[in-house]
file upload_3.cif (mmCIF, C-alpha atoms)
data_entry
loop_
_atom_site.label_atom_id
_atom_site.label_comp_id
_atom_site.auth_asym_id
_atom_site.auth_seq_id
_atom_site.Cartn_x
_atom_site.Cartn_y
_atom_site.Cartn_z
CA MET A 1 0.00 0.00 0.00
CA GLU A 2 2.82 2.44 0.92
CA ILE A 3 4.57 1.63 -2.37
CA ASP A 4 1.37 2.36 -4.30
CA ARG A 5 0.96 5.64 -2.40
CA ARG A 6 4.50 6.69 -3.26
CA ARG A 7 3.95 5.82 -6.90
CA PHE A 8 0.75 7.87 -6.93
CA LEU A 9 2.42 10.89 -5.36
CA GLY A 10 5.39 10.62 -7.70
CA ALA A 11 3.11 10.49 -10.73
CA ALA A 12 1.12 13.47 -9.49
CA LEU A 13 4.27 15.53 -8.96
CA ALA A 14 5.42 14.69 -12.50
CA LEU A 15 2.22 16.10 -13.98
CA PRO A 16 1.94 19.77 -14.97
CA ALA A 17 0.21 21.72 -12.22
CA ALA A 18 -2.93 22.48 -14.25
CA ALA A 19 -3.50 18.76 -14.88
CA ALA A 20 -3.55 18.23 -11.13
CA GLY A 21 -6.03 21.09 -10.60
CA GLY A 22 -3.48 23.74 -9.64
CA LYS A 23 -2.33 26.94 -11.30
CA ILE A 24 -1.20 27.04 -14.90
CA ARG A 25 2.55 27.25 -14.53
CA THR A 26 3.93 29.41 -17.32
CA GLY A 27 7.29 30.29 -18.82
CA ILE A 28 8.12 33.35 -20.95
CA LEU A 29 10.33 32.60 -23.96
CA GLY A 30 11.77 35.74 -25.55
CA ILE A 31 11.34 39.25 -24.16
CA GLU A 32 11.74 41.59 -27.15
CA HIS A 33 8.12 42.14 -28.15
CA SER A 34 6.29 45.29 -27.04
CA HIS A 35 3.28 43.21 -25.94
CA LEU A 36 5.25 41.38 -23.25
CA GLY A 37 4.40 43.81 -20.44
CA GLY A 38 0.68 43.67 -21.13
CA LYS A 39 0.65 39.89 -21.30
CA LEU A 40 2.60 39.56 -18.09
CA ALA A 41 0.13 41.89 -16.38
CA ALA A 42 -2.82 39.91 -17.74
CA MET A 43 -1.43 36.60 -16.47
CA GLN A 44 -0.25 37.95 -13.13
CA GLY A 45 -3.71 39.40 -12.56
CA ASN A 46 -5.40 36.08 -13.36
CA PRO A 47 -5.60 33.64 -10.42
CA ASP A 48 -5.39 30.64 -12.79
CA PHE A 49 -1.83 31.51 -13.88
CA GLU A 50 1.56 31.44 -12.20
CA VAL A 51 4.39 32.86 -14.31
CA VAL A 52 7.52 31.22 -12.95
CA SER A 53 10.41 31.51 -15.41
CA VAL A 54 11.79 33.55 -18.26
CA CYS A 55 14.28 32.80 -21.03
CA GLU A 56 15.94 35.14 -23.52
CA PRO A 57 18.31 33.31 -25.88
CA ASN A 58 20.04 36.50 -27.02
CA ASP A 59 22.74 37.50 -24.50
CA ALA A 60 22.67 41.22 -25.31
CA THR A 61 18.90 41.42 -25.03
CA ARG A 62 18.91 39.48 -21.77
CA LYS A 63 21.51 41.79 -20.22
CA ALA A 64 19.64 44.88 -21.38
CA HIS A 65 16.43 43.73 -19.64
CA ALA A 66 17.86 41.89 -16.65
CA ARG A 67 16.67 44.59 -14.23
CA ASP A 68 13.19 45.13 -15.68
CA LYS A 69 10.75 45.26 -12.77
CA ALA A 70 8.18 43.14 -14.61
CA LEU A 71 10.71 40.31 -14.89
CA ALA A 72 12.36 40.71 -11.49
CA ARG A 73 10.27 38.05 -9.73
CA LEU A 74 10.87 35.41 -12.39
CA ARG A 75 13.58 32.78 -12.52
CA TRP A 76 15.96 33.18 -15.47
CA VAL A 77 16.63 29.87 -17.20
CA SER A 78 18.10 28.56 -20.45
CA ILE A 79 15.79 27.36 -23.20
CA ASP A 80 16.82 23.77 -22.53
CA GLU A 81 15.97 24.17 -18.84
CA MET A 82 12.60 25.70 -19.68
CA LEU A 83 11.64 22.98 -22.15
CA ALA A 84 12.76 20.23 -19.77
CA ASP A 85 10.67 21.61 -16.88
CA LYS A 86 7.88 19.05 -16.62
CA ALA A 87 5.97 21.29 -14.21
CA LEU A 88 5.36 23.92 -16.92
CA ASP A 89 1.97 23.79 -18.64
CA LEU A 90 2.36 26.75 -20.99
CA ILE A 91 5.06 28.76 -22.73
CA VAL A 92 4.36 32.26 -24.01
CA PHE A 93 6.64 33.27 -26.89
CA GLU A 94 7.42 37.01 -27.09
CA GLY A 95 10.55 37.01 -29.25
CA GLU A 96 11.34 37.85 -32.87
CA VAL A 97 9.40 36.66 -35.92
CA LYS A 98 12.37 34.65 -37.20
CA ASP A 99 12.43 32.58 -33.99
CA ALA A 100 8.70 32.06 -33.47
CA VAL A 101 8.15 28.87 -35.45
CA PRO A 102 11.50 27.14 -34.72
CA PHE A 103 11.12 27.75 -30.98
CA GLY A 104 7.38 27.09 -31.17
CA LYS A 105 8.00 23.61 -32.57
CA ARG A 106 10.37 22.85 -29.71
CA VAL A 107 7.74 23.99 -27.22
CA ILE A 108 5.09 21.69 -28.69
CA GLU A 109 7.55 18.78 -28.92
CA ALA A 110 8.31 19.31 -25.23
CA GLY A 111 4.61 18.79 -24.46
CA LYS A 112 3.72 22.39 -23.57
CA HIS A 113 0.81 24.51 -24.73
CA LEU A 114 1.89 27.56 -26.75
CA HIS A 115 0.81 31.19 -26.93
CA LEU A 116 2.61 32.67 -29.91
CA GLU A 117 3.22 36.34 -30.67
CA LYS A 118 2.05 37.65 -34.01
CA PRO A 119 2.89 37.55 -36.87
CA PRO A 120 4.42 34.09 -36.43
CA THR A 121 6.39 33.91 -39.69
CA ASN A 122 6.36 35.33 -43.22
CA LYS A 123 6.09 31.83 -44.71
CA MET A 124 3.15 29.45 -44.91
CA GLU A 125 4.62 25.96 -44.80
CA PRO A 126 6.58 26.31 -41.53
CA PHE A 127 3.48 27.65 -39.77
CA HIS A 128 1.37 24.88 -41.28
CA GLU A 129 3.84 22.33 -39.87
CA LEU A 130 3.67 23.96 -36.44
CA ALA A 131 -0.13 24.02 -36.37
CA GLU A 132 -0.39 20.41 -37.48
CA LEU A 133 2.20 19.36 -34.91
CA ALA A 134 0.15 21.05 -32.18
CA ARG A 135 -3.01 19.38 -33.46
CA LYS A 136 -1.32 15.95 -33.54
CA ARG A 137 0.18 16.35 -30.06
CA LYS A 138 -3.09 17.78 -28.69
CA ARG A 139 -1.36 20.94 -27.51
CA LEU A 140 -3.16 24.27 -27.63
CA LEU A 141 -1.92 26.94 -30.04
CA GLN A 142 -3.12 30.51 -29.51
CA LEU A 143 -1.97 33.50 -31.56
CA GLY A 144 -1.71 36.93 -29.95
CA TYR A 145 -3.98 38.99 -32.20
CA LEU A 146 -5.50 41.92 -30.34
CA TRP A 147 -9.18 42.18 -31.14
CA ARG A 148 -10.49 38.60 -30.76
CA PHE A 149 -12.25 39.28 -27.50
CA HIS A 150 -12.74 43.03 -27.90
CA ALA A 151 -16.30 43.92 -26.88
CA GLY A 152 -16.76 46.32 -29.80
CA THR A 153 -15.68 43.98 -32.59
CA SER A 154 -17.55 41.12 -30.90
CA LEU A 155 -20.71 43.21 -30.98
CA ALA A 156 -20.19 43.93 -34.69
CA LEU A 157 -19.55 40.26 -35.54
CA GLU A 158 -22.62 39.18 -33.57
CA ALA A 159 -24.72 41.53 -35.70
CA VAL A 160 -23.21 39.97 -38.84
CA LYS A 161 -23.78 36.36 -37.78
CA LYS A 162 -27.36 36.96 -36.60
CA GLY A 163 -28.36 38.79 -39.77
CA TRP A 164 -29.36 42.02 -38.07
CA LEU A 165 -27.53 44.16 -40.66
CA GLY A 166 -29.09 42.54 -43.73
CA ASP A 167 -26.75 41.76 -46.62
CA ILE A 168 -23.15 42.45 -45.61
CA LEU A 169 -21.77 44.65 -48.35
CA MET A 170 -18.48 45.84 -46.91
CA ILE A 171 -16.13 45.71 -43.96
CA ARG A 172 -13.65 48.56 -43.53
CA ALA A 173 -10.85 48.20 -40.99
CA THR A 174 -8.02 50.60 -40.22
CA ILE A 175 -5.02 49.93 -38.00
CA ASN A 176 -2.56 52.80 -38.29
CA SER A 177 0.58 53.38 -36.25
CA ASP A 178 3.31 55.96 -35.62
CA ARG A 179 6.52 53.97 -35.91
CA GLY A 180 9.94 55.08 -34.78
CA ALA A 181 13.21 54.09 -36.42
CA ASP A 182 13.68 50.85 -34.45
CA GLN A 183 10.27 49.45 -35.32
CA ARG A 184 10.55 50.61 -38.93
CA ALA A 185 13.77 48.60 -39.15
CA VAL A 186 11.86 45.52 -37.97
CA GLU A 187 9.03 46.04 -40.46
CA GLY A 188 11.53 46.73 -43.23
CA ARG A 189 12.68 43.10 -43.13
CA TYR A 190 9.45 41.94 -44.74
CA PRO A 191 7.88 42.83 -48.11
CA GLY A 192 4.50 43.44 -46.47
CA GLY A 193 5.80 46.14 -44.13
CA SER A 194 3.01 47.59 -42.03
CA MET A 195 0.40 45.23 -43.46
CA PHE A 196 2.42 42.20 -42.38
CA GLU A 197 3.20 43.59 -38.93
CA LEU A 198 -0.21 45.04 -38.00
CA GLY A 199 -2.78 44.11 -40.63
CA GLY A 200 -3.31 40.66 -39.13
CA HIS A 201 -5.15 42.13 -36.15
CA MET A 202 -7.95 43.28 -38.46
CA ILE A 203 -7.65 40.41 -40.95
CA ASP A 204 -8.33 38.10 -38.00
CA ARG A 205 -11.71 39.79 -37.46
CA VAL A 206 -12.56 39.83 -41.18
CA VAL A 207 -11.79 36.12 -41.54
CA GLY A 208 -13.77 35.47 -38.36
CA ALA A 209 -16.78 37.14 -39.95
CA LEU A 210 -16.52 36.07 -43.60
CA GLY A 211 -14.07 33.18 -43.93
CA ARG A 212 -11.61 32.76 -46.81
CA PRO A 213 -11.71 35.51 -49.45
CA THR A 214 -11.94 34.46 -53.08
CA THR A 215 -9.48 37.15 -54.19
CA VAL A 216 -6.94 39.29 -52.34
CA ARG A 217 -5.46 42.43 -53.89
CA HIS A 218 -2.85 44.56 -52.17
CA TRP A 219 -1.04 47.86 -52.51
CA LEU A 220 2.20 47.94 -50.51
CA ARG A 221 3.84 51.34 -50.87
CA HIS A 222 6.53 53.49 -49.32
CA ASP A 223 5.00 56.98 -49.34
CA THR A 224 6.49 58.90 -46.40
CA SER A 225 9.56 61.13 -46.80
CA ILE A 226 11.50 58.92 -44.35
CA LYS A 227 14.71 57.65 -45.94
CA ASP A 228 14.14 53.93 -45.82
CA THR A 229 12.27 51.37 -47.89
CA VAL A 230 9.60 50.25 -45.41
CA LYS A 231 6.20 49.64 -46.96
CA ASP A 232 4.57 52.23 -44.72
CA ASN A 233 1.34 52.96 -46.62
CA THR A 234 -0.53 49.72 -47.25
CA LEU A 235 -3.96 48.60 -48.38
CA ALA A 236 -5.54 45.20 -48.98
CA VAL A 237 -8.91 44.47 -50.56
CA PHE A 238 -10.57 41.10 -50.05
CA GLU A 239 -13.28 39.99 -52.45
CA TYR A 240 -16.08 37.67 -51.39
CA PRO A 241 -19.07 36.57 -53.51
CA SER A 242 -21.19 39.51 -52.33
CA THR A 243 -18.92 41.45 -49.98
CA LEU A 244 -15.75 43.55 -50.06
CA ALA A 245 -13.37 43.96 -47.12
CA ILE A 246 -10.81 46.76 -46.99
CA ILE A 247 -7.87 46.78 -44.57
CA VAL A 248 -5.64 49.84 -44.22
CA SER A 249 -2.36 50.09 -42.30
CA THR A 250 -0.21 53.21 -42.45
CA SER A 251 2.93 53.62 -40.35
CA LYS A 252 3.17 57.37 -39.76
CA VAL A 253 -0.06 58.76 -38.33
CA ALA A 254 -0.46 61.15 -35.38
CA ASN A 255 -2.76 60.27 -32.45
CA ILE A 256 -3.12 56.68 -33.63
CA GLU A 257 -5.67 55.71 -30.97
CA ARG A 258 -8.22 57.83 -32.84
CA HIS A 259 -7.36 56.26 -36.19
CA ARG A 260 -7.98 52.60 -35.62
CA SER A 261 -11.47 51.44 -36.50
CA PHE A 262 -13.64 48.49 -37.51
CA GLU A 263 -16.81 49.07 -39.54
CA VAL A 264 -19.38 46.64 -40.93
CA ILE A 265 -21.72 48.03 -43.59
CA GLY A 266 -24.92 46.13 -44.32
CA SER A 267 -27.96 46.80 -46.45
CA ASP A 268 -30.10 47.33 -43.35
CA GLY A 269 -27.60 48.52 -40.78
CA THR A 270 -24.07 49.61 -40.03
CA VAL A 271 -21.86 49.10 -36.98
CA MET A 272 -18.70 51.16 -36.52
CA VAL A 273 -16.19 50.85 -33.68
CA GLN A 274 -14.00 53.95 -33.32
CA PRO A 275 -11.89 54.49 -31.33
CA MET A 276 -10.92 50.91 -30.54
CA GLU A 277 -8.97 51.83 -27.39
CA PRO A 278 -8.81 52.58 -24.58
CA ALA A 279 -12.59 53.01 -24.16
CA PRO A 280 -14.31 52.00 -27.42
CA VAL A 281 -17.28 53.80 -28.91
CA VAL A 282 -19.73 51.81 -31.05
CA ARG A 283 -22.07 53.66 -33.43
CA ILE A 284 -25.03 51.73 -34.79
CA ASP A 285 -27.35 52.87 -37.60
CA MET A 286 -30.40 50.71 -38.31
CA ARG A 287 -32.99 50.92 -41.10
CA GLU A 288 -35.55 49.23 -38.84
CA ASP A 289 -35.74 47.42 -35.50
CA ARG A 290 -33.49 44.35 -35.57
CA GLY A 291 -32.39 42.19 -32.66
CA PRO A 292 -31.65 44.43 -29.66
CA TYR A 293 -31.27 47.57 -31.82
CA LYS A 294 -33.99 50.07 -32.65
CA LYS A 295 -34.46 51.94 -35.91
CA GLY A 296 -32.22 54.98 -36.19
CA THR A 297 -28.86 55.86 -34.70
CA ARG A 298 -27.44 55.08 -31.30
CA GLU A 299 -24.01 55.31 -29.72
CA ILE A 300 -22.70 52.87 -27.12
CA ALA A 301 -19.76 53.88 -24.95
CA LEU A 302 -17.99 50.74 -23.77
CA PRO A 303 -15.71 50.51 -20.73
CA PRO A 304 -11.94 50.35 -21.25
CA GLN A 305 -10.77 47.13 -22.88
CA PRO A 306 -7.47 46.10 -21.27
CA ARG A 307 -5.49 44.03 -23.75
CA PHE A 308 -4.95 40.27 -23.36
CA ILE A 309 -7.23 39.79 -20.32
CA LYS A 310 -9.86 37.83 -22.25
CA ASP A 311 -7.25 35.99 -24.34
CA PHE A 312 -5.66 34.46 -21.26
CA GLU A 313 -9.04 33.80 -19.67
CA GLU A 314 -9.89 31.78 -22.78
CA LEU A 315 -6.53 30.02 -22.81
CA GLY A 316 -6.80 29.25 -19.11
CA ARG A 317 -10.30 27.82 -19.57
CA ALA A 318 -9.13 25.53 -22.39
CA ILE A 319 -6.08 24.29 -20.46
CA LYS A 320 -8.04 23.70 -17.25
CA THR A 321 -10.93 21.88 -18.93
CA GLY A 322 -8.99 20.06 -21.64
CA THR A 323 -11.35 21.47 -24.29
CA PRO A 324 -10.59 23.32 -27.56
CA LEU A 325 -9.97 27.03 -27.88
CA GLN A 326 -12.68 29.16 -29.45
CA TYR A 327 -10.32 29.85 -32.37
CA SER A 328 -9.22 26.55 -33.83
CA TYR A 329 -6.07 25.34 -35.58
CA ASP A 330 -7.95 25.77 -38.86
CA HIS A 331 -8.79 29.38 -38.04
CA GLU A 332 -5.13 30.13 -37.27
CA LEU A 333 -4.07 28.52 -40.57
CA LEU A 334 -6.65 30.42 -42.61
CA LEU A 335 -5.78 33.68 -40.89
CA HIS A 336 -2.09 33.22 -41.59
CA GLU A 337 -2.68 32.29 -45.22
CA THR A 338 -4.84 35.40 -45.68
CA LEU A 339 -2.29 37.65 -43.96
CA LEU A 340 0.45 36.36 -46.27
CA ARG A 341 -1.76 36.95 -49.32
CA ALA A 342 -2.41 40.52 -48.15
CA SER A 343 1.32 41.03 -47.51
CA GLY A 344 2.45 39.92 -50.96
CA GLU A 345 4.21 36.79 -49.68
CA ILE A 346 1.93 34.32 -51.46
CA SER A 347 -0.67 34.70 -54.18
#

call {"tool": "encode", "arguments": {"input": "upload_3.cif", "output": "structure tokens"}}
result
Amino acid sequence: MEIDRRRFLGAALALPAAAAGGKIRTGILGIEHSHLGGKLAAMQGNPDFEVVSVCEPNDATRKAHARDKALARLRWVSIDEMLADKALDLIVFEGEVKDAVPFGKRVIEAGKHLHLEKPPTNKMEPFHELAELARKRKRLLQLGYLWRFHAGTSLALEAVKKGWLGDILMIRATINSDRGADQRAVEGRYPGGSMFELGGHMIDRVVGALGRPTTVRHWLRHDTSIKDTVKDNTLAVFEYPSTLAIIVSTSKVANIERHRSFEVIGSDGTVMVQPMEPAPVVRIDMREDRGPYKKGTREIALPPQPRFIKDFEELGRAIKTGTPLQYSYDHELLLHETLLRASGEIS
């Protein structure tokens, strides 16, 4: 009996904490991305998560951030140590695009769930291999696109799916930025420039509403007077059988919070979310009473939408219950394919 008890306790200790009903023990792999601080805050404020370790493979980057307050409570480890830690349930990747898929594959092969910063790669096949590996190993794969659980875009997509807006004629989405030299250098590595770096946030919502476009056209231009070659003025148009979707991403715009928007135009109603952050405003125009909305115009002021809170609530739910994420492997694959089409990487 004592031998059986010891075996049971040993097996329980070998399991990740979440599998035994405890907290979701999490490691941070890579620390370069600007979203790291927000994601750390979201996890540290969620009682389901315990962020325990951090790894930065680049020595210079690690030394530059060694005293960051947000990382001070975490244990610094090597990537091999992190992957070998059987008590870790989840690894959150916040490094460079070039490292996302190679490191992501190692995470999945080590038996961990993976939250992956966007965009994950500028190629299709490596990401396809990663997604299929996660599917085969039954490990969760979540991409870090911003607006998936945003109350404003969720309201707009609900109106689309329930038919309250009539025929959906057009979606217009804008995600502008005001990039400095360092970030322009990052975006300059890829032919899609601003569309590749930021357009995916809005493409994610368009694909969520309409699925795969039949045709994708793009205009990827360098139009500022800045002396580099970054595609900083970009536009993509998606054609569907009876709908057009337009995504705009420009890299040099003042007061960017006021110039990010998501608009759905239907034959019987229109929903527009602008600004997106920090406290969204939703404007609804209806031809007649539909669903919860009355004929005419109304404006809904939503509370502030802190980034990543809902994403990690969803990820925590899926890990704890052993059930799928709301956004499937197939959604992530379709989103990435569509982003690469809009960025000029594939046709």

call {"tool": "resolve_selection", "arguments": {"input": "upload_3.cif", "expression": "the PyMOL selection byres ((chain A and resi 321) around 12)", "output": "PyMOL selection string"}}
result
chain A and resi 18-21+24+140+314-320+322-325

call {"tool": "residues_around", "arguments": {"input": "upload_3.cif", "residues": "Arg307 in chain A", "least_positions_apart": "6", "cutoff": "10 Å", "atoms": "only C-alpha atoms", "output": "list in words"}}
result
His35, Gly38, Lys39, Ala41, Ala42, Tyr145, Leu146, Trp147, Phe149, His150, Glu277 and Pro278 of chain A

call {"tool": "atom_distance", "arguments": {"input": "upload_3.cif", "atom1": "CA of Glu313 in chain A", "atom2": "CA of Ala134 in chain A"}}
result
20.1 Å

call {"tool": "atom_distance", "arguments": {"input": "upload_3.cif", "atom1": "CA of Asn122 in chain A", "atom2": "CA of Lys252 in chain A"}}
result
22.5 Å

call {"tool": "resolve_selection", "arguments": {"input": "upload_3.cif", "expression": "the PyMOL selection byres ((chain A and resi 282) around 9)", "output": "PyMOL selection string"}}
result
chain A and resi 152-153+155-156+271-276+280-281+283-284+298-302

call {"tool": "closest_residue", "arguments": {"input": "upload_3.cif", "among": "A:Val216, A:Ala209, A:Ile309, A:Leu340", "to": "Ala159 in chain A", "atoms": "only C-alpha atoms"}}
result
A:Ala209

call {"tool": "resolve_selection", "arguments": {"input": "upload_3.cif", "expression": "the PyMOL selection byres ((chain A and resi 53-66) around 8)", "output": "JSON, numbers by chain"}}
result
{"A": [26, 27, 28, 29, 30, 31, 32, 51, 52, 67, 68, 71, 72, 74, 75, 76, 77, 78, 79, 82]}

call {"tool": "residues_around", "arguments": {"input": "upload_3.cif", "residues": "Asn255 in chain A", "least_positions_apart": "5", "cutoff": "12 Å", "atoms": "all atoms listed in the file", "output": "list in words"}}
result
Ile175, Asn176, Ser177, Asp178, Arg179, Arg260, Pro275 and Glu277 of chain A

call {"tool": "atom_distance", "arguments": {"input": "upload_3.cif", "atom1": "CA of Lys138 in chain A", "atom2": "CA of Pro120 in chain A"}}
result
19.6 Å

call {"tool": "closest_residue", "arguments": {"input": "upload_3.cif", "among": "A:Arg341, A:Lys123, A:Lys23, A:His33", "to": "Arg217 in chain A", "atoms": "all atoms listed in the file"}}
result
A:Arg341

call {"tool": "closest_atom_pairs", "arguments": {"input": "upload_3.cif", "of": "range 91-142 of chain A", "to": "range 185-201 of chain A", "cutoff": "10 Å", "atoms": "only C-alpha atoms", "output": "CSV"}}
result
residue,atom,partner,partner_atom,distance
A:Glu96,CA,A:Val186,CA,9.2
A:Val97,CA,A:Val186,CA,9.4
A:Lys118,CA,A:Glu197,CA,7.8
A:Pro119,CA,A:Glu197,CA,6.4
A:Pro120,CA,A:Glu197,CA,9.9
A:Thr121,CA,A:Phe196,CA,9.6
A:Asn122,CA,A:Tyr190,CA,7.5

call {"tool": "closest_residue", "arguments": {"input": "upload_3.cif", "among": "A:Ala279, A:Glu125, A:Thr214, A:Ile226", "to": "Glu257 in chain A", "atoms": "only C-alpha atoms"}}
result
A:Ala279

call {"tool": "closest_residue", "arguments": {"input": "upload_3.cif", "among": "A:Pro102, A:Val160, A:Phe312, A:Thr243", "to": "Leu90 in chain A", "atoms": "only C-alpha atoms"}}
result
A:Phe312

call {"tool": "closest_residue", "arguments": {"input": "upload_3.cif", "among": "A:Arg25, A:Pro306, A:Thr215, A:Ala131", "to": "Lys86 in chain A", "atoms": "all atoms listed in the file"}}
result
A:Arg25

call {"tool": "residues_around", "arguments": {"input": "upload_3.cif", "residues": "range 167-170 of chain A", "least_positions_apart": "6", "cutoff": "6 Å", "atoms": "all atoms listed in the file", "output": "MDAnalysis selection string"}}
result
chainID A and resid 243:245 265:267

call {"tool": "axis_aligned_box", "arguments": {"input": "upload_3.cif", "around": "range 92-100 of chain A", "padding_each_side": "3 Å", "output": "AutoDock Vina command-line options"}}
result
--center_x 8.4 --center_y 35.0 --center_z -30.6 --size_x 14.1 --size_y 11.8 --size_z 19.2

call {"tool": "closest_residue", "arguments": {"input": "upload_3.cif", "among": "A:Asp99, A:Leu333, A:Asn46, A:Met124", "to": "Ser347 in chain A", "atoms": "all atoms listed in the file"}}
result
A:Met124

call {"tool": "residues_around", "arguments": {"input": "upload_3.cif", "residues": "Thr250 in chain A", "least_positions_apart": "5", "cutoff": "6 Å", "atoms": "all atoms listed in the file", "output": "list in words"}}
result
Asn176, Asp232, Asn233 and Thr234 of chain A

call {"tool": "residues_around", "arguments": {"input": "upload_3.cif", "residues": "range 103-117 of chain A", "least_positions_apart": "3", "cutoff": "6 Å", "atoms": "only C-alpha atoms", "output": "ChimeraX atom specification"}}
result
/A:83,89-94,99-100,130,139-144

call {"tool": "decode", "arguments": {"input": "upload_3.cif", "residues": "range 28-82 of chain A", "atoms": "C-alpha atoms", "output": "mmCIF file, in the first residue's frame"}}
result
data_model
loop_
_atom_site.group_PDB
_atom_site.id
_atom_site.type_symbol
_atom_site.label_atom_id
_atom_site.label_comp_id
_atom_site.auth_asym_id
_atom_site.auth_seq_id
_atom_site.Cartn_x
_atom_site.Cartn_y
_atom_site.Cartn_z
ATOM 1 C CA ILE A 28 8.123 33.346 -20.946
ATOM 2 C CA LEU A 29 10.329 32.604 -23.957
ATOM 3 C CA GLY A 30 11.767 35.741 -25.552
ATOM 4 C CA ILE A 31 11.338 39.246 -24.161
ATOM 5 C CA GLU A 32 11.738 41.588 -27.149
ATOM 6 C CA HIS A 33 8.124 42.145 -28.151
ATOM 7 C CA SER A 34 6.293 45.286 -27.038
ATOM 8 C CA HIS A 35 3.285 43.207 -25.940
ATOM 9 C CA LEU A 36 5.247 41.377 -23.250
ATOM 10 C CA GLY A 37 4.405 43.813 -20.444
ATOM 11 C CA GLY A 38 0.683 43.675 -21.133
ATOM 12 C CA LYS A 39 0.649 39.890 -21.300
ATOM 13 C CA LEU A 40 2.601 39.556 -18.088
ATOM 14 C CA ALA A 41 0.130 41.891 -16.378
ATOM 15 C CA ALA A 42 -2.820 39.906 -17.745
ATOM 16 C CA MET A 43 -1.431 36.601 -16.467
ATOM 17 C CA GLN A 44 -0.248 37.952 -13.131
ATOM 18 C CA GLY A 45 -3.705 39.396 -12.562
ATOM 19 C CA ASN A 46 -5.401 36.078 -13.362
ATOM 20 C CA PRO A 47 -5.602 33.635 -10.420
ATOM 21 C CA ASP A 48 -5.389 30.644 -12.786
ATOM 22 C CA PHE A 49 -1.827 31.508 -13.875
ATOM 23 C CA GLU A 50 1.561 31.438 -12.201
ATOM 24 C CA VAL A 51 4.392 32.857 -14.308
ATOM 25 C CA VAL A 52 7.516 31.219 -12.950
ATOM 26 C CA SER A 53 10.410 31.508 -15.406
ATOM 27 C CA VAL A 54 11.785 33.553 -18.264
ATOM 28 C CA CYS A 55 14.276 32.796 -21.032
ATOM 29 C CA GLU A 56 15.938 35.135 -23.520
ATOM 30 C CA PRO A 57 18.309 33.310 -25.884
ATOM 31 C CA ASN A 58 20.041 36.504 -27.017
ATOM 32 C CA ASP A 59 22.742 37.503 -24.496
ATOM 33 C CA ALA A 60 22.673 41.218 -25.309
ATOM 34 C CA THR A 61 18.899 41.417 -25.028
ATOM 35 C CA ARG A 62 18.906 39.479 -21.771
ATOM 36 C CA LYS A 63 21.506 41.788 -20.221
ATOM 37 C CA ALA A 64 19.636 44.881 -21.383
ATOM 38 C CA HIS A 65 16.431 43.731 -19.643
ATOM 39 C CA ALA A 66 17.864 41.889 -16.648
ATOM 40 C CA ARG A 67 16.672 44.593 -14.234
ATOM 41 C CA ASP A 68 13.186 45.127 -15.677
ATOM 42 C CA LYS A 69 10.747 45.263 -12.773
ATOM 43 C CA ALA A 70 8.177 43.140 -14.614
ATOM 44 C CA LEU A 71 10.712 40.311 -14.893
ATOM 45 C CA ALA A 72 12.360 40.706 -11.490
ATOM 46 C CA ARG A 73 10.269 38.054 -9.725
ATOM 47 C CA LEU A 74 10.865 35.412 -12.386
ATOM 48 C CA ARG A 75 13.582 32.780 -12.522
ATOM 49 C CA TRP A 76 15.956 33.181 -15.466
ATOM 50 C CA VAL A 77 16.630 29.866 -17.203
ATOM 51 C CA SER A 78 18.098 28.559 -20.451
ATOM 52 C CA ILE A 79 15.789 27.364 -23.198
ATOM 53 C CA ASP A 80 16.815 23.766 -22.526
ATOM 54 C CA GLU A 81 15.968 24.174 -18.841
ATOM 55 C CA MET A 82 12.597 25.703 -19.683
#
